[in-house]
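Chemist: Contents are mmCIF, C-alpha atoms; file name entry-v4.cif:
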```cif
data_final
#
loop_
_atom_site.label_atom_id
_atom_site.label_comp_id
_atom_site.auth_asym_id
_atom_site.auth_seq_id
_atom_site.Cartn_x
_atom_site.Cartn_y
_atom_site.Cartn_z
CA VAL A 1 92.20 129.58 71.60
CA ILE A 2 92.65 127.30 74.59
CA ALA A 3 89.89 124.94 73.42
CA CYS A 4 91.88 123.89 70.32
CA PRO A 5 91.92 120.07 70.71
CA CYS A 6 95.48 119.49 69.48
CA ALA A 7 96.44 117.46 72.55
CA LEU A 8 93.46 115.14 72.09
CA GLY A 9 94.29 114.66 68.41
CA LEU A 10 97.92 113.89 69.17
CA ALA A 11 97.39 111.66 72.23
CA THR A 12 96.91 108.35 70.40
CA PRO A 13 98.67 108.61 67.00
CA ILE A 14 101.92 110.09 68.31
CA ALA A 15 102.26 107.25 70.83
CA LEU A 16 101.47 104.61 68.16
CA ILE A 17 104.02 106.13 65.76
CA VAL A 18 106.75 106.17 68.40
CA GLY A 19 105.84 102.65 69.59
CA ILE A 20 105.90 101.16 66.06
CA GLY A 21 109.17 102.96 65.31
CA GLN A 22 110.78 101.74 68.51
CA GLY A 23 109.71 98.18 67.73
CA ALA A 24 111.21 98.41 64.24
CA LYS A 25 114.49 99.59 65.76
CA PHE A 26 114.78 96.24 67.56
CA GLY A 27 113.57 94.07 64.69
CA ILE A 28 109.88 93.89 65.69
CA LEU A 29 107.96 94.96 62.58
CA ILE A 30 104.40 95.89 63.58
CA LYS A 31 102.21 96.45 60.53
CA SER A 32 99.47 98.62 62.04
CA GLY A 33 98.38 100.59 65.08
CA ALA A 34 95.51 98.15 65.56
CA ALA A 35 97.96 95.25 65.86
CA LEU A 36 100.05 97.16 68.39
CA GLU A 37 96.94 97.95 70.44
CA THR A 38 95.58 94.38 70.35
CA ALA A 39 98.95 92.90 71.38
CA GLY A 40 98.53 94.50 74.81
CA ARG A 41 95.44 92.34 75.45
CA ILE A 42 97.11 89.02 74.61
CA SER A 43 96.32 86.36 77.20
CA THR A 44 97.43 83.27 75.24
CA VAL A 45 100.32 82.77 72.84
CA VAL A 46 100.13 79.71 70.58
CA PHE A 47 103.36 78.48 68.97
CA ASP A 48 103.89 76.29 65.95
CA LYS A 49 106.57 73.67 66.67
CA THR A 50 108.78 72.94 63.67
CA GLY A 51 110.82 75.97 62.65
CA THR A 52 109.33 78.12 65.42
CA LEU A 53 110.05 76.47 68.77
CA THR A 54 112.60 74.16 67.16
CA VAL A 55 115.46 74.99 64.83
CA GLY A 56 113.58 73.45 61.91
CA LYS A 57 116.62 71.50 60.69
CA PRO A 58 115.88 67.98 61.91
CA ALA A 59 118.26 65.08 61.39
CA VAL A 60 117.74 61.32 61.17
CA THR A 61 118.54 59.80 64.55
CA GLU A 62 117.41 56.19 64.12
CA VAL A 63 116.30 53.76 61.41
CA ARG A 64 114.53 50.51 62.30
CA VAL A 65 113.15 47.76 60.06
CA ILE A 66 110.93 44.82 60.92
CA PRO A 67 112.95 41.60 61.05
CA GLY A 68 112.15 39.40 58.08
CA ALA A 69 110.77 42.26 56.00
CA GLY A 70 113.43 41.66 53.35
CA PHE A 71 115.00 45.10 53.71
CA ASP A 72 117.94 46.39 55.70
CA ALA A 73 118.02 49.88 57.25
CA ASP A 74 120.19 51.46 54.54
CA ARG A 75 118.08 50.14 51.68
CA MET A 76 114.88 51.44 53.28
CA LEU A 77 116.53 54.81 53.93
CA ALA A 78 117.62 54.97 50.29
CA ALA A 79 114.04 54.27 49.19
CA ALA A 80 112.69 56.98 51.48
CA ALA A 81 115.28 59.50 50.25
CA SER A 82 114.43 58.70 46.63
CA ALA A 83 110.75 59.34 47.31
CA GLU A 84 111.35 62.51 49.33
CA ALA A 85 113.95 64.00 46.96
CA GLY A 86 111.60 66.64 45.54
CA SER A 87 110.02 67.71 48.84
CA GLU A 88 110.92 70.90 50.75
CA HIS A 89 109.51 69.63 54.06
CA PRO A 90 112.13 69.69 56.85
CA LEU A 91 111.60 66.00 57.63
CA ALA A 92 112.03 65.07 53.98
CA GLN A 93 115.23 67.09 53.74
CA ALA A 94 116.58 65.31 56.84
CA ILE A 95 116.02 61.92 55.18
CA VAL A 96 117.62 63.04 51.92
CA THR A 97 120.63 64.47 53.79
CA ALA A 98 121.10 61.24 55.78
CA ALA A 99 121.05 59.12 52.63
CA ARG A 100 123.46 61.48 50.88
CA ASP A 101 125.86 61.38 53.82
CA LYS A 102 125.88 57.58 53.61
CA LYS A 103 126.28 57.75 49.80
CA LEU A 104 123.30 55.47 49.29
CA GLU A 105 122.01 54.64 45.84
CA SER A 106 119.00 56.68 44.71
CA TRP A 107 116.03 55.28 42.80
CA LYS A 108 113.69 56.93 40.36
CA ALA A 109 110.29 57.66 41.91
CA GLU A 110 107.20 57.38 39.69
CA GLN A 111 103.51 58.20 40.21
CA PHE A 112 104.43 60.49 43.08
CA THR A 113 101.44 61.74 45.11
CA ALA A 114 101.80 64.12 48.05
CA ARG A 115 99.24 63.77 50.84
CA PRO A 116 99.38 66.96 52.97
CA GLY A 117 99.28 66.18 56.66
CA PHE A 118 99.86 62.46 56.02
CA GLY A 119 102.91 61.85 53.82
CA LEU A 120 103.28 60.58 50.27
CA SER A 121 102.89 57.58 47.99
CA CYS A 122 104.91 56.58 44.92
CA ARG A 123 106.29 53.69 42.89
CA LEU A 124 109.90 52.67 43.41
CA GLY A 125 111.48 49.72 41.64
CA GLY A 126 108.08 48.49 40.49
CA ALA A 127 106.60 48.44 44.02
CA GLU A 128 104.02 50.69 45.70
CA TRP A 129 105.52 52.64 48.60
CA LEU A 130 104.02 54.74 51.35
CA PHE A 131 106.06 57.13 53.50
CA GLY A 132 104.37 59.16 56.20
CA ASN A 133 102.91 59.32 59.68
CA ALA A 134 100.82 56.87 61.64
CA ARG A 135 97.59 58.29 60.18
CA LEU A 136 98.74 57.42 56.67
CA MET A 137 99.56 53.85 57.72
CA ARG A 138 96.20 53.36 59.42
CA ALA A 139 94.41 54.79 56.37
CA ALA A 140 96.14 52.05 54.37
CA GLY A 141 94.93 49.41 56.83
CA LEU A 142 98.26 48.98 58.62
CA GLU A 143 98.93 49.22 62.37
CA PRO A 144 102.18 51.21 62.87
CA GLU A 145 102.45 50.76 66.63
CA VAL A 146 104.41 47.53 66.74
CA PRO A 147 107.11 46.61 69.31
CA GLU A 148 109.76 46.02 66.63
CA LEU A 149 109.52 49.66 65.52
CA LYS A 150 109.58 51.30 68.94
CA LEU A 151 112.25 54.06 68.89
CA SER A 152 114.54 54.76 71.80
CA GLY A 153 114.06 58.55 71.85
CA ALA A 154 111.31 61.10 71.29
CA GLY A 155 111.13 62.64 67.86
CA SER A 156 109.19 62.78 64.64
CA VAL A 157 108.67 59.44 62.89
CA VAL A 158 108.25 58.53 59.23
CA TYR A 159 106.84 55.05 58.61
CA ALA A 160 107.58 53.11 55.44
CA ALA A 161 105.33 50.53 53.80
CA ARG A 162 105.91 48.51 50.61
CA ASN A 163 103.07 46.86 48.71
CA LYS A 164 100.75 47.39 51.71
CA LYS A 165 103.21 45.79 54.10
CA LEU A 166 104.86 47.72 56.91
CA ILE A 167 108.65 47.75 56.44
CA GLY A 168 110.11 50.05 59.07
CA VAL A 169 110.36 53.51 60.60
CA ILE A 170 112.75 56.45 60.46
CA GLY A 171 113.21 58.51 63.62
CA ILE A 172 113.96 62.21 63.10
CA GLY A 173 114.95 64.58 65.89
CA ASP A 174 114.98 68.36 66.05
CA ARG A 175 116.52 70.57 68.73
CA LEU A 176 114.84 73.50 70.45
CA LYS A 177 115.82 77.02 69.53
CA PRO A 178 118.18 78.54 72.12
CA GLY A 179 115.72 81.23 73.23
CA ALA A 180 112.53 79.12 73.25
CA ALA A 181 112.52 78.23 76.97
CA ASP A 182 113.41 81.79 77.96
CA ALA A 183 110.60 83.23 75.81
CA VAL A 184 108.01 80.91 77.41
CA ALA A 185 109.31 81.81 80.89
CA ARG A 186 108.99 85.53 80.11
CA LEU A 187 105.43 85.02 78.90
CA LYS A 188 104.59 83.29 82.18
CA PHE A 189 106.10 86.25 84.06
CA LEU A 190 103.74 88.53 82.11
CA GLY A 191 100.78 86.31 83.12
CA ILE A 192 100.31 84.89 79.62
CA ARG A 193 99.50 81.24 78.85
CA SER A 194 101.55 79.43 76.21
CA ALA A 195 100.48 76.56 73.97
CA MET A 196 101.85 74.58 71.02
CA LEU A 197 100.33 73.19 67.84
CA THR A 198 102.04 70.45 65.85
CA GLY A 199 101.39 67.73 63.32
CA ASP A 200 103.85 65.46 65.13
CA ASN A 201 102.74 62.54 67.24
CA ASN A 202 101.60 62.94 70.82
CA ALA A 203 104.80 61.56 72.38
CA VAL A 204 106.99 64.13 70.61
CA ALA A 205 104.65 67.00 71.49
CA GLN A 206 104.42 65.91 75.12
CA ALA A 207 108.21 65.75 75.47
CA ILE A 208 108.70 69.26 74.05
CA ALA A 209 105.81 70.70 76.07
CA ALA A 210 107.31 69.27 79.26
CA GLU A 211 110.78 70.63 78.45
CA LEU A 212 109.45 74.12 77.74
CA LYS A 213 106.84 74.00 80.54
CA LEU A 214 104.03 74.90 78.17
CA ASP A 215 100.50 75.19 79.56
CA GLU A 216 98.88 73.21 76.72
CA PHE A 217 99.59 71.47 73.43
CA ARG A 218 97.70 69.93 70.52
CA ALA A 219 99.38 67.15 68.54
CA GLU A 220 98.75 65.17 65.32
CA LEU A 221 97.04 68.13 63.67
CA LEU A 222 96.41 68.39 59.95
CA PRO A 223 97.32 71.75 58.35
CA GLY A 224 93.69 72.86 58.34
CA ASP A 225 93.24 71.95 62.01
CA LYS A 226 95.48 74.76 63.27
CA ALA A 227 93.00 77.52 62.38
CA LYS A 228 90.23 75.48 64.05
CA ALA A 229 92.37 75.14 67.18
CA LEU A 230 92.93 78.91 67.17
CA ARG A 231 89.18 79.48 67.15
CA GLU A 232 88.86 77.19 70.18
CA PHE A 233 91.57 79.13 72.03
CA GLN A 234 89.80 82.40 71.17
CA ALA A 235 86.48 81.09 72.46
CA ALA A 236 88.15 80.22 75.79
CA ALA A 237 90.10 83.49 76.09
CA ASN A 238 87.38 85.32 78.09
CA GLY A 239 87.89 88.64 76.34
CA GLY A 240 91.67 88.32 76.03
CA ALA A 241 93.44 88.23 72.69
CA VAL A 242 95.11 85.12 71.25
CA ALA A 243 98.39 85.34 69.34
CA MET A 244 99.77 82.75 66.92
CA VAL A 245 103.51 82.46 66.27
CA GLY A 246 104.50 80.53 63.13
CA ASP A 247 106.83 80.41 60.17
CA GLY A 248 105.49 78.06 57.49
CA ILE A 249 102.92 77.94 54.71
CA ASN A 250 100.78 75.61 56.84
CA ASP A 251 100.69 78.28 59.57
CA ALA A 252 99.25 81.03 57.34
CA PRO A 253 95.54 80.23 58.00
CA ALA A 254 96.16 80.15 61.77
CA LEU A 255 98.17 83.40 61.61
CA ALA A 256 95.25 85.05 59.79
CA GLN A 257 92.72 83.60 62.27
CA ALA A 258 94.59 84.81 65.39
CA ASP A 259 93.85 88.17 66.96
CA VAL A 260 97.54 88.90 66.46
CA GLY A 261 99.54 86.82 63.98
CA ILE A 262 103.29 86.83 64.63
CA ALA A 263 105.60 85.48 61.92
CA ILE A 264 109.24 84.48 62.24
CA GLY A 265 111.42 86.53 59.88
CA SER A 266 113.24 83.44 58.63
CA GLY A 267 109.95 81.80 57.66
CA THR A 268 108.02 81.74 54.38
CA ALA A 269 106.82 84.86 52.57
CA ILE A 270 103.17 83.79 52.83
CA ALA A 271 103.46 83.49 56.62
CA MET A 272 104.93 86.98 56.89
CA GLU A 273 102.21 88.33 54.59
CA ALA A 274 99.44 86.79 56.72
CA ALA A 275 100.89 88.01 60.03
CA ASP A 276 100.32 91.32 61.84
CA VAL A 277 103.80 91.32 63.41
CA VAL A 278 107.07 90.03 61.91
CA LEU A 279 110.07 89.21 64.10
CA MET A 280 112.86 90.18 61.72
CA ASN A 281 115.61 88.73 63.93
CA SER A 282 113.77 85.38 64.27
CA ASP A 283 114.31 85.59 68.03
CA LEU A 284 111.44 84.23 70.14
CA ALA A 285 112.40 86.61 72.96
CA GLU A 286 110.86 89.30 70.73
CA VAL A 287 107.38 87.82 71.34
CA PRO A 288 107.17 88.92 75.02
CA ALA A 289 109.07 92.09 74.03
CA ALA A 290 106.34 92.98 71.50
CA ILE A 291 103.66 92.45 74.15
CA ARG A 292 105.56 94.61 76.66
CA LEU A 293 105.95 97.32 73.99
CA SER A 294 102.21 97.23 73.31
CA ARG A 295 101.38 97.52 76.99
CA ALA A 296 103.81 100.43 77.40
CA THR A 297 102.32 102.18 74.36
CA MET A 298 98.75 101.78 75.63
CA ARG A 299 99.81 103.10 79.03
CA ILE A 300 101.28 106.21 77.36
CA ILE A 301 98.08 106.68 75.32
CA ARG A 302 95.94 106.53 78.47
CA GLU A 303 98.24 109.04 80.20
CA ASN A 304 98.07 111.37 77.19
CA LEU A 305 94.29 111.19 77.02
CA PHE A 306 93.98 111.79 80.77
CA TRP A 307 96.15 114.90 80.71
CA ALA A 308 94.49 116.20 77.52
CA PHE A 309 91.01 115.89 79.08
CA PHE A 310 92.22 117.21 82.43
CA TYR A 311 93.79 120.23 80.73
CA ASN A 312 90.56 121.04 78.85
CA ALA A 313 88.41 120.43 81.91
CA ILE A 314 90.37 123.14 83.77
CA GLY A 315 91.46 125.45 80.94
CA ILE A 316 88.16 125.94 79.10
CA PRO A 317 86.11 127.06 82.15
CA LEU A 318 89.01 129.30 83.19
CA ALA A 319 89.22 130.93 79.75
CA ALA A 320 85.42 131.25 79.55
CA GLY A 321 85.33 133.21 82.84
CA VAL A 322 83.41 130.60 84.84
CA PHE A 323 85.66 130.99 87.89
CA TYR A 324 85.39 134.78 87.66
CA ALA A 325 81.58 134.67 87.41
CA LEU A 326 81.12 132.21 90.27
CA PHE A 327 83.92 133.05 92.67
CA ASP A 328 85.27 136.37 91.39
CA GLY A 329 88.30 134.24 90.58
CA PRO A 330 91.02 134.48 87.97
CA ILE A 331 90.59 135.08 84.27
CA LEU A 332 92.92 134.04 81.47
CA ASN A 333 94.72 136.37 79.09
CA PRO A 334 94.47 135.07 75.47
CA VAL A 335 98.27 135.15 75.18
CA PHE A 336 98.58 132.75 78.11
CA GLY A 337 95.76 130.70 76.62
CA ALA A 338 97.80 130.27 73.42
CA LEU A 339 100.88 129.33 75.42
CA ALA A 340 98.91 126.82 77.48
CA MET A 341 97.44 125.26 74.34
CA ALA A 342 100.91 124.86 72.81
CA ALA A 343 102.32 123.52 76.08
CA SER A 344 99.64 120.84 76.24
CA SER A 345 100.55 119.59 72.75
CA VAL A 346 104.27 119.61 73.56
CA SER A 347 103.68 117.71 76.80
CA VAL A 348 101.74 114.98 74.98
CA VAL A 349 104.55 114.59 72.41
CA LEU A 350 107.24 114.53 75.11
CA ASN A 351 105.30 111.91 77.09
CA ALA A 352 105.02 109.73 73.95
CA LEU A 353 108.77 110.10 73.32
CA ARG A 354 109.38 108.33 76.63
CA LEU A 355 108.74 105.14 74.62
CA ARG A 356 112.13 105.73 72.98
CA GLY A 357 113.61 104.46 76.22
CA PHE A 358 111.93 101.06 75.76
CA ARG A 359 114.34 98.13 75.56
CA PRO A 360 113.42 94.50 74.75
#
```
Re-express the file's structure as structure tokens.
Modeler:
Amino acid sequence: VIACPCALGLATPIALIVGIGQGAKFGILIKSGAALETAGRISTVVFDKTGTLTVGKPAVTEVRVIPGAGFDADRMLAAAASAEAGSEHPLAQAIVTAARDKKLESWKAEQFTARPGFGLSCRLGGAEWLFGNARLMRAAGLEPEVPELKLSGAGSVVYAARNKKLIGVIGIGDRLKPGAADAVARLKFLGIRSAMLTGDNNAVAQAIAAELKLDEFRAELLPGDKAKALREFQAAANGGAVAMVGDGINDAPALAQADVGIAIGSGTAIAMEAADVVLMNSDLAEVPAAIRLSRATMRIIRENLFWAFFYNAIGIPLAAGVFYALFDGPILNPVFGALAMAASSVSVVLNALRLRGFRP
């Protein structure tokens, strides 16, 4: 009777059930017990930038054109907005919004071609246009880093070229989410490194990394490079787990590659599908909270297993008469054996219910 292994069978699943339920109560949706267990081993958290560390609603801050290019700032902005009108990218929406606010004339874009990770090309007013990052300009044989187009502040940049001639640049800024710095500070307190991946230029990434006090960053990444970067972080983790926090379609491969993928609840459906954990409140403070919850759950599991083994190590020899045979010691009445077996199961459940006191 006393050897019934109920306590051992309950030790792990009851703690996982309570831990997952407690996380859900605070908007941390953990999809599996394996994800909750792995989160306790996280040694590095990698963040996407746009929409994750930043609000994801950038705005045009500056428009510059090369003197003598034959275009003024408003006309170039109108051309860019016409080309970007059908795009859902946050930078494209910022350009469209800026042109709409200024009530600029829109043109009809033809032969539109999106170039993921670079920008786009199209025909506007009978001319060939390119709008995108520095990589796109260099691929077209143009050097974007010219003194006339140097912006005053850090931010994302969209270059414009017409008929293979550089015209100007549009500076776009985005602000950090209110809880981003606090989340990174909490991760540091937990002994966890933080890093950032972004397709933006190095200057923008460096400015944000310095403001948030990140341990590392990778800039000017193509969408496919994020999963590769995750593999590099995993190789350097020395047995620790690597988490990826993202919100967009481009983040889905990296979320799937990470040991624990964490999606922002306000992000895309494909990101949430690829992730192991979803932060329903879209609050970055829930990232360290999820790790703390995992560690608390694993601590409860270890306690449960210890007491379950300890109980059997003492109870089974006692019930079998070992102490009586060796030392003329006590024996155990079957009724008390049944009570002890039930008490062990109840104690494991009660210990797991301590997780209900967890607060983010």
Chemist: Interatomic distance between CA of Thr50 in chain A and CA of Ala94 in chain A?
Modeler: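 One can read the CA of Thr50 in chain A to CA of Ala94 in chain A distance as 12.9 Å.
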Chemist: Counting all atoms listed in the file, which of A:Leu29, A:Val55, A:Ile170, A:Ala252 gets nearest to Val96 in chain A?
Modeler: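 Counting all atoms listed in the file, the residue closest to Val96 in chain A is A:Ile170.
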Chemist: Taking only C-alpha atoms into account, which of A:Gly155, A:Gly40, A:Pro13, A:Gly173 comes nearest Pro58 in chain A?
Modeler: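 Counting only C-alpha atoms, the residue closest to Pro58 in chain A is A:Gly173.
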Chemist: Counting only C-alpha atoms, find residues at most 10 Å from (103.1, 74.0, 71.3) (file frame) and give them as a PyMOL selection string.
Modeler: chain A and resi 45-50+52-53+194-198+205-206+208-209+212-219+245
Chemist: Interatomic distance between CA of Ser294 in chain A and CA of Glu37 in chain A?
Modeler: 6.0 Å
